[in-house]
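K.L.:
Here you go, one structure.
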2 protein chains.
Amino acid sequence: MLTKTSVDGSLRALRTLRLLVLVSLCVFISVSAASSPAQEEDSAMENIVTEKKAEESHRQDSADLLIFILLLTLTILTIWLFKHRRFRFLHETGLAMIYGLIVGVILRYAVQVPRDTIVVSACFVNSSPATMLLNVSGKFYEYTLRGEFSANDVKDNEMLRKVTFDPEVFFNILLPPIIFHAGYSLKRRHFFRNMGSILAYAFVGTVISCFVIGLLMYGCVTLMKHLGKMGGDFFFTDCLFFGAIVSATDPVTVLAIFHELQVDVDLYALLFGESVLNDAVAVVLSSSIVAYQPQGDNSHTFEAMALLKSLGMFLGVFSGSFSLGVATGIVTALVTKFTKLRDFQLLETALFFLMSWSTFLLAEACGFTGVVAVLFCGITQAHYTFNNLSPESQDRTKQLFELLNFLAENFIFSYMGLTLFTFQNHIFNPMFIVGAFLAVFVGRAANIYPLSLLLNLGRRNKIRSNFQHMMMFAGLRGAMTFALSIRDTATYARQMMFSTNLLVVFFTVWVCGGGTTQMLSCQRIRVGVDSDQENSMSFADGSERRSTKQESAWLFRIWYNFDHNYLKPILTHSGPPLTTTLPPCCGPLARFLTSPQAYENECQLKDDDSDLILTDGDISLTYGDITVSTDATGARTSGGLATDDLDRELAYGDHELVMRGTRLVLPMDDSEPPFTDHLRM
Amino acid sequence: MLTKTSVDGSLRALRTLRLLVLVSLCVFISVSAASSPAQEEDSAMENIVTEKKAEESHRQDSADLLIFILLLTLTILTIWLFKHRRFRFLHETGLAMIYGLIVGVILRYAVQVPRDTIVVSACFVNSSPATMLLNVSGKFYEYTLRGEFSANDVKDNEMLRKVTFDPEVFFNILLPPIIFHAGYSLKRRHFFRNMGSILAYAFVGTVISCFVIGLLMYGCVTLMKHLGKMGGDFFFTDCLFFGAIVSATDPVTVLAIFHELQVDVDLYALLFGESVLNDAVAVVLSSSIVAYQPQGDNSHTFEAMALLKSLGMFLGVFSGSFSLGVATGIVTALVTKFTKLRDFQLLETALFFLMSWSTFLLAEACGFTGVVAVLFCGITQAHYTFNNLSPESQDRTKQLFELLNFLAENFIFSYMGLTLFTFQNHIFNPMFIVGAFLAVFVGRAANIYPLSLLLNLGRRNKIRSNFQHMMMFAGLRGAMTFALSIRDTATYARQMMFSTNLLVVFFTVWVCGGGTTQMLSCQRIRVGVDSDQENSMSFADGSERRSTKQESAWLFRIWYNFDHNYLKPILTHSGPPLTTTLPPCCGPLARFLTSPQAYENECQLKDDDSDLILTDGDISLTYGDITVSTDATGARTSGGLATDDLDRELAYGDHELVMRGTRLVLPMDDSEPPFTDHLRM
């Protein structure tokens, strides 16, 4: 019943013998077994042994974590050198992977640690309980379920098992800050301007990509079965699952280069927006496909009822997570609007952080998808709450999530590199890998090109063919694909998927990521676009402004009007007073909800109100009393404060830059440097 | 052998019967047991059950964590209200405890969740392994050791067990940022000025307090044994251990009020410095006492050899942790000095964070005390690295650790409140509690009064009796005492200590913390001391400055000269060039190590060099190119920028406030608002 396996090679036989003598069985049903006083002395010695063991285990854990910290430190120093020398072929994530690979090789082949494990067999219990109590001579030790354990792991290196994190860590700890940061730093104005196209790519495109890849892989798998190259089961739902998880794009490398080279803002917005939203779609899609699986009888037929159920689940989970995320965002906006929390920046930042985190926990506790909720919470926070925060807290929250994002992202990528050698159940099947690379390529093409064609019918500002090629090329896979694949590696199919996905990520990050500058010049995409100039021009040129206005879609215009007339005034200090936008019957409510600042700014508002599209970002910044903003690196905007009037009074104190009687051009972008807008006061 | 205990009251008998049928034994030694193909279908169903169970458990965990997040949110909102209304009787930590108490009551009496646990008995295994594999019909499930489990927990509420965190969480996750922040925000100038007294209180005082409390408690315990009021063992080493953990003071509440009311800077420095350092002493002291225990034969005699060994261990662990902390601080300082990492603030901040964290892990991996290492790392980072950081990163790092400190501190205090009702092994012994309160009081008095008397013999600037009373009164207990007591609650003695310590913390935080303002006015301690004024006066008045100089101790002067002439020039961009301070033979090395900025600043330096003591903080800020600093709340200094010259050019951009031809008084404190220094440029 009890076996202690110590895996020290030569010593194994000897130890097994010794254990056979030591270990025997004692059968009793114990609801509560108190230790007798006679055992006291013995148990003191046991206690010490247990403590020593726990201490040893804690030391080992610290050392393991230290490996990752030092890896990240090394990555930071190297990436600084690269940035310093303007070397753009390798992004920090790519570098983190390389260092991870190196450490993985070392751990695999150079370090051997024996394990300290007991194997307990329970033949007639049909499932594994969440908690297990081990009764060792009257003392109970509590054990918690860590997950299923592949039988062949037992004979392997303990060190490799040690550096293997619980896969749920990625999903519950590392991914949320990354996704929240993506939502929080979404360039809202350009995002909303291209909202229709982004939604099309993210929703329709991801579903197309998922099914195209799924079908192609099903063909590949069927062929492999015929050729006898398949060592286990691989069902149609597995193929679809593969399609879903590999459809989550993560062009962080490409976007960093775009940002640095100041590539066209619309291309940036399209790519960034798509990558942010398709993560959410891929997560919910994959979980819906998993939920479909049990209904299937392991055959290839896709039942209509089950399909509908899965579809319903997709919509339910997606909309549930969406609503939860938006709801907590709105609650935070209301709290920050109606309290004077902004006088205490630390409290404000802490509240913001906790509310954003609680979104994740709330969604998970309700059975929705935390990551999706967090994404929409981030977007809502950026769109409303951000404007209510004090400038200090705006800086702080941006910088905090930027740091968390940076650390989490590089941690994931270095872990990816490490896991190529330390993961113990890799299945590299050459045929499957070639098929997967082809399918990923075709799937991306089937997403971008047909959709662009359709979208161009409706768009005034067409998505040119070089933009399409660039988007095709920028379909990198990253953290989300990895987190989704490592989550479950119990079956043969999942193990093969995991190994293949690792290679897909490596290839796209290194090859596509590294070739971005070449691709840009090859496709003749304009770099060094100063969005300031572009906007100043539109400001100056009335006709161009009008064309921009017409170009925006009806969907956007309806949303914009609703947002500007009702949501912004309710949730922030900006926008027109609700007393002017709501029907007269709501008078008292409108007066209660409208911020005093909104009345003050009413006159100014009329001026800008006509400029519907271009001032979306600006309005929120003008009518709040937020006057200094940050760029994506969190640095105070470095464009300089160009004053063109001598009669000025400049007081820098109390967190506010107050300017009276001055005409001032202040760079005022609210998230990414490439899109610096001019604000005229 | 296997028992499934489900604690649903009425259903228990029925289920036990059903389990008796289900559960039986199968004896085999399994090194690797592969599941047979025939079991495949069954195992698919099992998989689903396991997944469902894991999902359920994950949901529950999310909900539990959500409770704490919402508790913290509530605390933040309430504390904002208090601050808004200038209500000073209750600090946020005290409030967090109250909310924790309320939630604890609700969880205890209102929520009942059945448990899902298997009890496995292993009679002939003498210790608990770190990992256990449960073999359920050929599938292995991995379980990790969570800790010892008290037998009487089995019958209790699952919910209470769920909200009980692994005690190591406090020590390894929540305490490090608190301690690092304390070190990082130590007001260095006033700290160094009072260094001798602070070290005396922290080292000698804590040891005195530990032994006085230990002896008094031993008396109390002996009395209790005679009266038959003691339900278990309580050895002399337990008494000493209690003395050590209860000697760690944490006057966070008092310091917050001092800060707000601008109490005398020296009193603030003494209290803060003592509380920061005595945490480190208490940790190492308690671990040395625990290490002593095994040698003792459970009798009351304290063997000389074992005592020496414990003392050696104390010195070894303390100096090891100290060196590790200082070493990583120095490495960070060198890295930030010799790379131009400051051009990329995100990388700089991330590096700073990772290096500081690695100190903790490194110390733990080496068997030293991470918390102590982190404290000295924080002090070193503040003293050297901080000056090499870009102003942006100075802000960011301060704010980041401030936020982490705030969250961790309030989390611990709310958990303290909660645990009063949810902890399942409380032992409240009225006699022990009364004895403990008395001992804590006497111990604090035996620390403060005799030491102050001795110190006053050597100090020019005496510690007046009202200051002594205030320090006596401000001996609050907090996070460190709690974390040390909850770490091990296996024995009767430890359980009683834990319960008693909770009460000590509650009492001191609420009563002493709440009565601080009354005590200040009762002791006639001056509040509203504007340290700016005080310093400006000393600046203006030459004679007073000289007296300050004489007043500083020889210890401080030696340290100051060494630090100023060698360490600062090596580790930062400030200080005199090494070429002037090192002997000529070290020429090339000196030239290599000296920063170019040091030469530039050489002429300016001569001016200030005479002002040995008062410019300690200023030098580092003047000769680096750091020009905007932060106060303790992380807010940009709000004192305003008073220009007294009309011919000015003020450019705010590129993270620098450049002032030419201007005479400017800029508030320039580097950590706490009460000590604002004036910097003249």
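Ligands are numbered from 1 in the order shown, residues from 1 within each chain, and chains are lettered A, B, ... in the order they appear in the structure tokens.
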Find the residues near range 506-508 of chain B: any atom within 9 Å, counting only C-alpha atoms, skip ones fewer than 4 places away on the same chain, and give them as an MDAnalysis selection string.
P.N.:
chainID B and resid 94 97 416:417 474:478 501:502 512:514
K.L.:
Which neighbours of Thr397 in chain A fall inside 8 Å, counting only C-alpha atoms, when residues of the same chain fewer than 3 positions from it are skipped, and could you give them as a PyMOL selection string?
P.N.:
chain A and resi 349+352-353+393-394+400-401
K.L.:
Using only C-alpha atoms, which of B:Asn461, B:Thr422, B:Ser390, B:Thr579 sits nearest Leu347 in chain B?
P.N.:
B:Ser390
K.L.:
Out of A:Leu362, A:Ile245, A:Ala110, A:Ala446, which residue has the shortest atom-to-atom distance to chain B when counting only C-alpha atoms?
P.N.:
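Residue with the minimum atom-to-atom distance to chain B: A:Leu362.
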